[in-house]
$ cat entry02.cif   # mmCIF, C-alpha atoms and all ligand atoms
data_coords
loop_
_atom_site.label_atom_id
_atom_site.label_comp_id
_atom_site.auth_asym_id
_atom_site.auth_seq_id
_atom_site.Cartn_x
_atom_site.Cartn_y
_atom_site.Cartn_z
CA MET W 1 81.40 132.68 72.22
CA LEU W 2 77.79 133.46 72.96
CA THR W 3 77.48 136.03 75.74
CA VAL W 4 74.52 136.67 78.02
CA GLN W 5 74.16 140.06 76.37
CA ASN W 6 73.69 138.45 72.95
CA MET W 7 71.19 135.80 74.05
CA THR W 8 67.73 136.24 72.53
CA ASP W 9 64.18 134.90 72.99
CA LEU W 10 64.59 134.18 76.68
CA LYS W 11 61.13 135.32 77.75
CA GLY W 12 59.66 132.61 79.97
CA LYS W 13 62.70 130.37 79.42
CA LYS W 14 64.41 128.67 82.35
CA VAL W 15 68.08 129.55 82.50
CA ILE W 16 70.61 127.95 84.84
CA VAL W 17 73.33 130.41 85.81
CA ARG W 18 76.44 128.94 87.43
CA VAL W 19 77.66 131.71 89.73
CA ASP W 20 80.49 131.88 92.22
CA PHE W 21 78.86 132.58 95.58
CA ASN W 22 81.71 130.96 97.49
CA VAL W 23 81.77 133.83 100.00
CA PRO W 24 83.58 133.89 103.35
CA LEU W 25 81.01 133.01 106.02
CA LYS W 26 81.34 133.12 109.77
CA ASN W 27 78.50 131.65 111.83
CA GLY W 28 76.11 132.29 108.96
CA THR W 29 77.20 135.93 108.46
CA ILE W 30 78.70 136.99 105.13
CA ARG W 31 82.03 138.74 105.77
CA ASP W 32 82.59 139.92 102.20
CA ASP W 33 79.81 140.05 99.60
CA SER W 34 81.96 141.04 96.58
CA ARG W 35 81.34 137.73 94.84
CA ILE W 36 77.59 138.25 95.08
CA VAL W 37 77.94 141.84 93.85
CA ALA W 38 80.02 140.57 90.91
CA ALA W 39 77.14 138.39 89.64
CA ILE W 40 74.47 141.11 89.71
CA LYS W 41 75.04 142.42 86.19
CA THR W 42 74.44 139.03 84.59
CA ILE W 43 71.38 138.30 86.72
CA GLU W 44 69.86 141.71 85.93
CA GLU W 45 70.49 141.19 82.22
CA LEU W 46 68.52 137.93 82.39
CA GLN W 47 65.75 139.61 84.39
CA LYS W 48 65.56 142.28 81.71
CA LYS W 49 65.15 139.50 79.15
CA GLU W 50 62.33 138.05 81.31
CA ALA W 51 64.04 134.70 81.79
CA ARG W 52 63.29 132.47 84.79
CA ILE W 53 66.58 132.30 86.61
CA ILE W 54 67.98 129.26 88.43
CA LEU W 55 71.22 129.97 90.27
CA LEU W 56 73.75 127.28 91.14
CA SER W 57 76.89 127.75 93.22
CA HIS W 58 79.19 125.80 95.48
CA LEU W 59 80.20 127.05 98.92
CA GLY W 60 83.20 125.79 100.89
CA LYS W 61 84.20 122.15 101.01
CA ILE W 62 82.17 119.06 101.82
CA LYS W 63 84.11 115.86 102.22
CA HIS W 64 81.77 113.06 101.28
CA LYS W 65 84.19 110.39 102.50
CA GLU W 66 83.82 111.52 106.13
CA ALA W 67 81.39 110.02 108.67
CA PRO W 68 77.71 111.07 108.21
CA GLU W 69 77.73 113.35 111.26
CA VAL W 70 80.86 115.14 109.99
CA ILE W 71 79.21 115.64 106.59
CA GLU W 72 76.09 117.03 108.29
CA GLU W 73 78.29 119.47 110.22
CA GLN W 74 80.04 120.60 107.00
CA LYS W 75 76.69 121.02 105.25
CA LYS W 76 75.39 123.18 108.06
CA LYS W 77 78.51 125.35 107.90
CA ASN W 78 78.22 125.76 104.13
CA ASP W 79 74.51 126.50 103.80
CA LEU W 80 73.78 129.01 101.01
CA ALA W 81 70.60 130.38 102.65
CA PRO W 82 72.21 133.66 103.91
CA VAL W 83 73.48 134.31 100.37
CA ALA W 84 69.93 134.25 98.98
CA VAL W 85 68.94 136.89 101.53
CA ARG W 86 71.86 139.17 100.63
CA LEU W 87 71.25 138.67 96.91
CA GLY W 88 67.64 139.72 97.37
CA GLU W 89 68.78 142.96 99.02
CA LEU W 90 71.27 143.69 96.24
CA LEU W 91 68.78 142.98 93.44
CA ALA W 92 66.01 144.79 95.34
CA SER W 93 63.70 141.96 94.29
CA PRO W 94 62.77 138.76 96.12
CA VAL W 95 65.04 135.74 95.66
CA LYS W 96 63.62 132.30 96.34
CA PHE W 97 65.77 129.69 98.01
CA SER W 98 65.56 125.92 97.75
CA LYS W 99 66.97 123.94 100.65
CA GLU W 100 67.43 121.03 98.24
CA THR W 101 69.79 120.83 95.26
CA THR W 102 67.78 118.27 93.25
CA GLY W 103 64.49 116.37 93.48
CA GLU W 104 60.74 116.96 93.44
CA GLU W 105 60.79 120.07 95.61
CA VAL W 106 63.29 121.72 93.28
CA LYS W 107 61.26 120.79 90.19
CA ARG W 108 58.11 122.22 91.70
CA ALA W 109 59.82 125.45 92.76
CA VAL W 110 61.36 125.88 89.32
CA ASP W 111 57.99 125.24 87.59
CA GLU W 112 56.40 127.93 89.76
CA LEU W 113 58.97 130.57 88.75
CA GLN W 114 57.53 133.63 87.00
CA ASP W 115 59.28 135.59 84.25
CA GLY W 116 62.22 137.51 85.73
CA GLU W 117 62.07 135.61 89.00
CA VAL W 118 65.18 134.19 90.66
CA ILE W 119 65.74 131.03 92.67
CA LEU W 120 68.98 129.96 94.32
CA LEU W 121 69.39 126.23 94.84
CA GLN W 122 71.32 124.83 97.79
CA ASN W 123 75.12 124.38 97.61
CA THR W 124 76.03 122.17 94.63
CA ARG W 125 78.61 120.37 96.76
CA TYR W 126 75.86 118.91 98.95
CA GLU W 127 75.76 116.43 96.05
CA LYS W 128 78.39 113.72 96.07
CA GLY W 129 78.49 113.67 92.28
CA GLU W 130 79.23 117.38 91.80
CA GLU W 131 83.03 117.24 91.96
CA LYS W 132 83.09 113.96 90.03
CA ASN W 133 81.13 115.50 87.15
CA ASP W 134 78.61 112.69 87.63
CA LEU W 135 76.46 112.20 84.53
CA GLU W 136 73.22 111.36 86.38
CA LEU W 137 73.52 114.49 88.52
CA SER W 138 74.27 116.66 85.48
CA LYS W 139 71.21 115.22 83.73
CA LYS W 140 68.97 116.04 86.70
CA TRP W 141 70.08 119.66 86.67
CA ALA W 142 70.12 119.98 82.87
CA LYS W 143 66.48 118.77 82.75
CA LEU W 144 65.44 121.85 84.70
CA ALA W 145 66.61 124.32 82.06
CA ASP W 146 66.31 125.62 78.50
CA ALA W 147 69.67 127.41 78.55
CA PHE W 148 72.87 127.80 80.58
CA VAL W 149 75.07 130.75 81.49
CA MET W 150 78.54 130.31 82.96
CA ASP W 151 79.48 133.21 85.20
CA ALA W 152 81.56 131.46 87.89
CA PHE W 153 85.05 132.38 86.75
CA GLY W 154 86.57 131.21 90.04
CA SER W 155 85.27 127.67 89.30
CA ALA W 156 85.93 127.58 85.54
CA HIS W 157 89.13 125.58 85.97
CA ARG W 158 87.11 122.69 87.39
CA ALA W 159 85.19 120.24 85.22
CA HIS W 160 82.41 119.55 87.72
CA ALA W 161 78.78 118.64 87.09
CA SER W 162 77.59 122.24 87.54
CA THR W 163 80.42 123.85 85.55
CA TYR W 164 80.88 121.27 82.80
CA GLY W 165 78.31 118.46 82.90
CA ILE W 166 75.25 120.71 82.52
CA PRO W 167 76.49 122.80 79.56
CA GLU W 168 77.80 119.66 77.88
CA ILE W 169 74.33 118.07 77.95
CA LEU W 170 72.43 121.23 76.99
CA LYS W 171 74.82 121.93 74.13
CA ALA W 172 74.34 118.40 72.78
CA GLU W 173 70.57 119.04 72.89
CA GLY W 174 71.07 122.17 70.79
CA LYS W 175 70.15 124.54 73.62
CA PRO W 176 71.97 127.86 74.06
CA VAL W 177 74.98 127.99 76.39
CA ALA W 178 76.74 131.30 77.05
CA ILE W 179 79.17 133.14 79.29
CA GLY W 180 78.12 135.91 81.69
CA TYR W 181 79.59 139.40 82.09
CA LEU W 182 82.07 138.43 84.80
CA VAL W 183 83.56 135.55 82.81
CA GLU W 184 83.60 137.66 79.65
CA LYS W 185 85.67 140.35 81.37
CA GLU W 186 88.09 137.85 82.91
CA VAL W 187 88.61 136.02 79.62
CA GLU W 188 89.15 139.26 77.72
CA ASN W 189 91.77 140.57 80.15
CA LEU W 190 93.61 137.33 80.87
CA SER W 191 93.71 136.33 77.19
CA ARG W 192 95.62 139.51 76.48
CA CYS W 193 98.35 138.26 78.85
CA VAL W 194 98.49 134.98 76.93
CA GLU W 195 98.40 136.10 73.30
CA VAL W 196 100.93 138.89 73.47
CA LYS W 197 100.65 141.65 70.87
CA PRO W 198 103.75 143.64 69.80
CA GLU W 199 102.31 146.86 71.29
CA ASP W 200 102.11 145.16 74.70
CA ARG W 201 105.91 144.82 74.95
CA PRO W 202 107.97 145.08 77.07
CA TYR W 203 105.88 142.47 78.86
CA LEU W 204 106.89 142.09 82.49
CA ALA W 205 105.85 139.29 84.84
CA ILE W 206 106.12 139.70 88.60
CA LEU W 207 106.09 136.48 90.57
CA GLY W 208 106.11 135.89 94.29
CA GLY W 209 104.19 134.00 96.92
CA PHE W 210 105.10 130.84 98.61
CA LYS W 211 105.99 127.82 96.51
CA ILE W 212 107.70 127.32 93.18
CA SER W 213 106.23 123.81 93.00
CA ASP W 214 102.68 125.24 92.90
CA LYS W 215 103.58 127.49 90.00
CA ILE W 216 105.95 125.56 87.74
CA LYS W 217 103.54 125.63 84.80
CA VAL W 218 102.90 129.36 85.25
CA ILE W 219 106.62 130.10 85.39
CA ASP W 220 107.27 127.97 82.28
CA SER W 221 104.52 129.71 80.37
CA LEU W 222 105.61 133.22 81.41
CA LEU W 223 109.26 132.47 80.63
CA LYS W 224 108.22 131.83 77.04
CA LYS W 225 106.13 134.97 76.73
CA CYS W 226 107.66 137.69 78.89
CA ASP W 227 110.57 140.01 78.25
CA LYS W 228 111.51 140.03 81.92
CA ILE W 229 110.42 138.33 85.15
CA LEU W 230 110.85 139.82 88.60
CA ILE W 231 110.83 137.23 91.37
CA GLY W 232 110.17 138.04 95.03
CA GLY W 233 108.37 136.33 97.91
CA ALA W 234 109.47 133.07 99.47
CA MET W 235 110.06 131.44 96.08
CA ALA W 236 112.98 133.83 95.45
CA TYR W 237 115.08 132.03 98.09
CA THR W 238 115.14 128.76 96.18
CA PHE W 239 116.43 130.70 93.16
CA ALA W 240 118.99 132.50 95.37
CA LYS W 241 120.24 129.19 96.77
CA ALA W 242 120.48 127.76 93.26
CA LEU W 243 122.83 130.64 92.44
CA GLY W 244 124.98 129.92 95.51
CA TYR W 245 123.85 132.69 97.86
CA THR W 246 123.30 131.93 101.54
CA ILE W 247 119.64 131.96 102.55
CA GLY W 248 119.78 131.23 106.31
CA ILE W 249 116.57 129.57 107.46
CA SER W 250 114.43 131.09 104.69
CA PRO W 251 111.81 128.84 103.12
CA CYS W 252 113.44 126.81 100.36
CA GLU W 253 112.33 123.91 98.19
CA ASP W 254 115.46 121.82 97.83
CA ASP W 255 113.71 119.52 95.38
CA GLN W 256 113.17 122.51 93.07
CA LEU W 257 116.82 123.66 92.94
CA ASP W 258 117.41 121.92 89.62
CA TYR W 259 114.25 123.41 88.20
CA ALA W 260 115.32 126.87 89.39
CA ARG W 261 118.71 126.43 87.69
CA LYS W 262 117.00 125.31 84.50
CA CYS W 263 114.82 128.45 84.53
CA LEU W 264 117.79 130.72 85.13
CA ILE W 265 119.66 129.23 82.17
CA GLU W 266 116.62 129.37 79.90
CA ALA W 267 115.91 132.97 80.93
CA LYS W 268 119.33 134.21 79.77
CA GLY W 269 119.38 137.10 82.23
CA ARG W 270 115.66 137.93 81.97
CA ILE W 271 114.94 136.77 85.55
CA ILE W 272 115.62 139.47 88.12
CA LEU W 273 115.99 138.39 91.75
CA PRO W 274 116.02 140.46 94.98
CA ILE W 275 119.30 142.19 95.83
CA ASP W 276 118.43 142.70 99.51
CA SER W 277 115.94 141.27 102.00
CA VAL W 278 114.13 142.13 105.20
CA CYS W 279 114.83 139.24 107.58
CA THR W 280 113.88 138.05 111.03
CA ASP W 281 114.96 135.41 113.49
CA ALA W 282 111.38 134.14 113.93
CA PHE W 283 108.34 133.97 111.65
CA ASP W 284 106.06 134.12 114.69
CA PRO W 285 105.87 137.73 116.00
CA GLU W 286 105.58 136.47 119.60
CA GLN W 287 108.95 134.72 119.42
CA ARG W 288 110.66 137.48 117.46
CA LYS W 289 113.75 139.28 118.76
CA SER W 290 114.97 141.19 115.71
CA ILE W 291 114.26 142.39 112.19
CA ILE W 292 117.17 143.42 109.95
CA THR W 293 117.70 144.44 106.34
CA THR W 294 120.57 142.76 104.49
CA GLU W 295 123.12 144.69 102.45
CA ASN W 296 123.08 142.19 99.59
CA GLN W 297 121.66 138.87 98.35
CA ASN W 298 123.03 136.86 101.27
CA ILE W 299 120.93 136.16 104.35
CA PRO W 300 122.72 135.52 107.65
CA GLU W 301 122.60 132.14 109.37
CA ASN W 302 119.57 131.70 111.66
CA MET W 303 117.63 134.45 109.87
CA GLU W 304 114.81 134.09 107.37
CA GLY W 305 113.82 136.39 104.52
CA MET W 306 110.33 137.84 104.97
CA ASP W 307 110.15 140.63 102.35
CA ILE W 308 112.17 142.28 99.59
CA GLY W 309 114.42 145.08 100.87
CA PRO W 310 114.46 148.78 99.86
CA LYS W 311 117.12 148.37 97.13
CA THR W 312 115.05 145.62 95.54
CA GLN W 313 111.92 147.75 95.80
CA ALA W 314 113.70 150.50 93.85
CA LEU W 315 115.08 148.02 91.30
CA PHE W 316 111.67 146.44 90.76
CA ALA W 317 109.99 149.88 90.53
CA SER W 318 112.44 150.88 87.83
CA GLU W 319 111.70 147.72 85.81
CA ILE W 320 107.97 148.25 86.28
CA SER W 321 108.25 151.83 85.01
CA LYS W 322 109.48 150.52 81.61
CA ALA W 323 106.73 147.95 81.09
CA LYS W 324 103.81 148.16 78.65
CA MET W 325 102.09 145.10 80.05
CA ILE W 326 102.33 143.43 83.49
CA PHE W 327 101.05 140.16 84.87
CA TRP W 328 101.54 139.89 88.61
CA ASN W 329 101.06 136.84 90.79
CA GLY W 330 102.25 136.32 94.33
CA PRO W 331 102.99 138.81 97.12
CA MET W 332 106.60 140.00 97.60
CA GLY W 333 106.64 139.12 101.29
CA VAL W 334 104.62 138.02 104.29
CA PHE W 335 102.12 140.84 103.74
CA GLU W 336 99.82 139.47 106.44
CA GLN W 337 102.28 140.90 109.00
CA ALA W 338 102.53 144.72 109.07
CA GLU W 339 106.35 144.70 109.23
CA PHE W 340 106.60 142.92 105.89
CA THR W 341 104.06 144.73 103.72
CA LYS W 342 106.48 147.26 102.21
CA GLY W 343 107.68 145.15 99.27
CA THR W 344 104.19 144.29 98.11
CA ILE W 345 103.02 147.88 98.57
CA ALA W 346 106.04 149.15 96.61
CA VAL W 347 105.03 146.96 93.66
CA CYS W 348 101.42 148.20 93.91
CA LYS W 349 102.63 151.78 93.99
CA ALA W 350 105.01 151.40 91.03
CA ILE W 351 102.21 149.84 88.99
CA SER W 352 99.83 152.63 90.01
CA LEU W 353 102.22 155.20 88.50
CA LEU W 354 102.09 153.66 85.02
CA LYS W 355 100.20 155.82 82.54
CA ASP W 356 99.23 153.65 79.61
CA ALA W 357 100.31 150.14 80.47
CA PHE W 358 97.97 147.16 80.68
CA THR W 359 98.26 145.75 84.20
CA VAL W 360 96.76 142.54 85.58
CA CYS W 361 96.96 140.95 89.00
CA GLY W 362 95.85 137.32 89.39
CA GLY W 363 96.01 134.93 92.32
CA GLY W 364 94.08 134.55 95.56
CA ASP W 365 96.52 136.17 97.97
CA SER W 366 97.91 138.66 95.46
CA SER W 367 94.45 139.99 94.60
CA ALA W 368 93.61 140.13 98.32
CA ALA W 369 96.79 142.15 98.96
CA VAL W 370 96.03 144.63 96.15
CA LYS W 371 92.56 145.09 97.61
CA GLN W 372 93.81 145.38 101.19
CA PHE W 373 96.29 148.11 100.25
CA GLY W 374 93.67 150.02 98.24
CA TYR W 375 95.13 149.70 94.73
CA THR W 376 92.39 147.76 92.92
CA GLU W 377 91.29 150.78 90.86
CA LYS W 378 94.86 151.40 89.70
CA PHE W 379 95.06 148.10 87.84
CA SER W 380 93.55 147.42 84.43
CA HIS W 381 92.25 144.17 85.91
CA VAL W 382 92.37 142.38 89.24
CA SER W 383 91.14 138.84 88.71
CA THR W 384 88.40 137.47 90.96
CA GLY W 385 89.46 133.87 90.33
CA GLY W 386 92.55 132.77 92.25
CA GLY W 387 93.43 129.36 90.85
CA ALA W 388 91.41 129.91 87.67
CA ALA W 389 93.47 132.98 86.68
CA LEU W 390 96.71 131.05 87.08
CA GLU W 391 95.43 128.06 85.13
CA MET W 392 94.30 130.37 82.36
CA ILE W 393 97.92 131.59 82.04
CA GLU W 394 99.31 128.04 82.31
CA ASN W 395 96.96 126.56 79.74
CA GLU W 396 97.26 129.21 77.04
CA GLY W 397 93.86 130.71 77.81
CA HIS W 398 92.00 127.40 78.11
CA LEU W 399 89.78 126.41 81.05
CA PRO W 400 87.34 123.46 80.94
CA GLY W 401 84.35 125.49 82.12
CA ILE W 402 84.89 128.02 79.34
CA ASP W 403 86.01 125.68 76.57
CA ILE W 404 82.75 123.75 76.89
CA ILE W 405 80.85 126.98 76.13
CA ARG W 406 83.18 127.84 73.25
P1 LIG W 501 98.68 133.66 95.37
O1 LIG W 501 97.54 133.16 96.21
O2 LIG W 501 98.54 135.11 95.04
O3 LIG W 501 98.94 132.80 94.16
P2 LIG W 501 100.61 132.29 97.06
O4 LIG W 501 99.50 131.50 97.64
O5 LIG W 501 101.58 131.59 96.19
O6 LIG W 501 100.02 133.56 96.28
O7 LIG W 501 101.49 132.94 98.21
C1 LIG W 501 100.98 133.79 99.18
C2 LIG W 501 101.65 133.54 100.48
O8 LIG W 501 103.06 133.62 100.37
C3 LIG W 501 101.27 134.57 101.53
O9 LIG W 501 100.56 133.94 102.55
C4 LIG W 501 102.59 135.12 102.02
O10 LIG W 501 102.65 135.29 103.43
C5 LIG W 501 103.56 134.05 101.58
N1 LIG W 501 104.92 134.59 101.48
C6 LIG W 501 105.37 135.55 100.66
N2 LIG W 501 106.67 135.81 100.90
C7 LIG W 501 107.06 135.00 101.90
C8 LIG W 501 108.28 134.78 102.63
N3 LIG W 501 109.37 135.48 102.33
N4 LIG W 501 108.28 133.86 103.61
C9 LIG W 501 107.18 133.14 103.89
N5 LIG W 501 106.00 133.30 103.26
C10 LIG W 501 105.93 134.20 102.27
MG MG W 502 97.38 131.58 97.67
#
$ encode --input "entry02.cif" --output "structure tokens" --more "lines below"
Ligand code: ADP
Ligand code: MG
Amino acid sequence: MLTVQNMTDLKGKKVIVRVDFNVPLKNGTIRDDSRIVAAIKTIEELQKKEARIILLSHLGKIKHKEAPEVIEEQKKKNDLAPVAVRLGELLASPVKFSKETTGEEVKRAVDELQDGEVILLQNTRYEKGEEKNDLELSKKWAKLADAFVMDAFGSAHRAHASTYGIPEILKAEGKPVAIGYLVEKEVENLSRCVEVKPEDRPYLAILGGFKISDKIKVIDSLLKKCDKILIGGAMAYTFAKALGYTIGISPCEDDQLDYARKCLIEAKGRIILPIDSVCTDAFDPEQRKSIITTENQNIPENMEGMDIGPKTQALFASEISKAKMIFWNGPMGVFEQAEFTKGTIAVCKAISLLKDAFTVCGGGDSSAAVKQFGYTEKFSHVSTGGGAALEMIENEGHLPGIDIIR
């Protein structure tokens, strides 16, 4: 795959860069700028090559089926203007901003760009055709540019006009399409978890989070590849019920019991489930009367499992200590509540003690938990793309927004 680093003859050329500036905003203030920071390296590389840089990103959701006044409200909420300001500060060079996504004003602004200059266009999702990969919209954007760089890993699992339509057209016209630094790093690290080399075994997967039904394809894929799978989080209770343990009022997907049984049979003892749980009578802290730790797999009536218990933490830590490669998705408990962070922290800690293992965390909440508990630096890689990282594992390393570049 062509990378931004290997692109040549870009002086004076217009390059569209699809970035992921989908930052958390509150009343127009950016609460976390890490996604902007993550794009800097690619933008600076293009500035060094004296390209004229056109940035495209989505921000939030805009439901085009709603009433016009609702759409206007959503557009106002998801205006990219503050991002252009922050980007300018980070690059220490001015960043232009276009309030429009397409049209005459955009064309004019792009034509006025000087070598090394940067313009950010308004939120791609202002356009109805973006999520439909509308051909006319893709053509309008593609016409603006001589080349395309994909650096929005978090959007690479979506075949939208800005992630798929544009590179498809430019490629057909024989123009260069490439991946940026961020995508390159994600692909490199996540591919290693998909094409497993002998030296990366034992390969351990750690799964948690909320629903089995969201992750069936990930579980299937990891079952084929991994030597062992540790399962915690809410999804562990469906597995526990499938094995005949009592789970009280813990979250359970009864329609996934057969699937859980199928996995357990296929795994032939390679799936390891919690052997104790931290439980409560109420999920809501305001209504809560008690928190207990069970002695074994069974959860009392009228109690729900909220985290893995201390025996499980030790068991999981011991399995982690033997691994050469780890892929982790899904927190071990309700880590948003202080009382139930211990399981997830124990996994972070056990991973942090590994000396020469290759360790990856992928998933929106899992990556947020690793960051929150201060363990990001201890992992070989913490993915920036929630859904995209999981789909990469599910689809044997393939994502539409990357395959079109390949
Ligand atoms: P990711 O985004 O990393 O893929 P998920 O979205 O699948 O992870 O799951 C994260 C959510 O799962 C968190 O909000 C967490 O509170 C919840 N969760 C984990 N364990 C439990 C549990 N025992 N009961 C209820 N919710 C849980
Ligand atoms: Mg999530």
$ residues_around --input "entry02.cif" --residues "stretch 268-270 of chain W" --least-positions-apart "2" --cutoff "7 Å" --atoms "only C-alpha atoms" --output "ChimeraX atom specification"
/W:227-229,264-266,272
$ closest_residue --input "entry02.cif" --among "W:Arg86, W:Lys13, W:Lys289, W:Lys225" --to "W:Lys197" --atoms "only C-alpha atoms"
W:Lys225
$ residues_around --input "entry02.cif" --residues "W:Gly232" --least-positions-apart "2" --cutoff "9 Å" --atoms "only C-alpha atoms" --output "ChimeraX atom specification"
/W:206-209,230,234-237,272-274,307-308,330-333,343
$ closest_residue --input "entry02.cif" --among "W:Ala369, W:Val187, W:Val382, W:Ile345" --to "W:Leu399" --atoms "all atoms listed in the file"
W:Val187
$ atom_distance --input "entry02.cif" --atom1 "atom CA of W:Asn6" --atom2 "atom CA of W:Ser191"
20.6 Å
$ closest_residue --input "entry02.cif" --among "W:Cys193, W:Leu243, W:Val17, W:Ile275" --to "W:Ile40" --atoms "only C-alpha atoms"
W:Val17
$ closest_atom_pairs --input "entry02.cif" --of "chain W" --to "ligand MG 502 (chain W)" --cutoff "8 Å" --atoms "all atoms listed in the file" --output "tab-separated table"
residue	atom	partner	partner_atom	distance
W:Gly209	CA	W:MG502	MG	7.3
W:Phe210	CA	W:MG502	MG	7.8
W:Gly330	CA	W:MG502	MG	7.6
W:Gly363	CA	W:MG502	MG	6.5
W:Gly364	CA	W:MG502	MG	4.9
W:Asp365	CA	W:MG502	MG	4.7
W:Ser366	CA	W:MG502	MG	7.4
W:Gly386	CA	W:MG502	MG	7.4
$ closest_residue --input "entry02.cif" --among "W:Val85, W:Ile71, W:Val370, W:Ile30" --to "ligand LIG 501 (chain W)" --atoms "all atoms listed in the file"
W:Val370
$ residues_around --input "entry02.cif" --residues "W:Thr293" --least-positions-apart "6" --cutoff "8 Å" --atoms "all atoms listed in the file" --output "PDB file with C-alpha atoms, in the coordinates of the input"
ATOM      1  CA  ASP W 276     118.430 142.700  99.510  1.00  0.00           C
ATOM      2  CA  SER W 277     115.940 141.270 102.000  1.00  0.00           C
ATOM      3  CA  VAL W 278     114.130 142.130 105.200  1.00  0.00           C
ATOM      4  CA  CYS W 279     114.830 139.240 107.580  1.00  0.00           C
ATOM      5  CA  GLY W 309     114.420 145.080 100.870  1.00  0.00           C
TER       6      GLY W 309
END
$ residues_near_point --input "entry02.cif" --point "(78.0, 138.7, 73.0)" --cutoff "10 Å" --atoms "only C-alpha atoms" --output "list in words"
Met1, Leu2, Thr3, Val4, Gln5, Asn6, Met7, Ala178, Ile179, Gly180, Tyr181 and Glu184 of chain W
$ closest_residue --input "entry02.cif" --among "W:Ser138, W:Thr238, W:Asn395, W:Ser221" --to "ligand LIG 501 (chain W)" --atoms "all atoms listed in the file"
W:Thr238
$ residues_around --input "entry02.cif" --residues "W:Asp134" --least-positions-apart "3" --cutoff "10 Å" --atoms "all atoms listed in the file" --output "MDAnalysis selection string"
chainID W and resid 127:131 137:139 160:162 165
$ closest_residue --input "entry02.cif" --among "W:Ile404, W:Gly305, W:Glu319, W:Ile351" --to "ligand LIG 501 (chain W)" --atoms "all atoms listed in the file"
W:Gly305
$ residues_around --input "entry02.cif" --residues "W:Gly154" --least-positions-apart "5" --cutoff "8 Å" --atoms "only C-alpha atoms" --output "MDAnalysis selection string"
chainID W and resid 20 384:389
$ atom_distance --input "entry02.cif" --atom1 "atom CA of W:Lys355" --atom2 "atom CA of W:Phe316"
16.9 Å
$ atom_distance --input "entry02.cif" --atom1 "atom N1 of ligand LIG 501 (chain W)" --atom2 "atom CA of W:Ala240"
15.5 Å
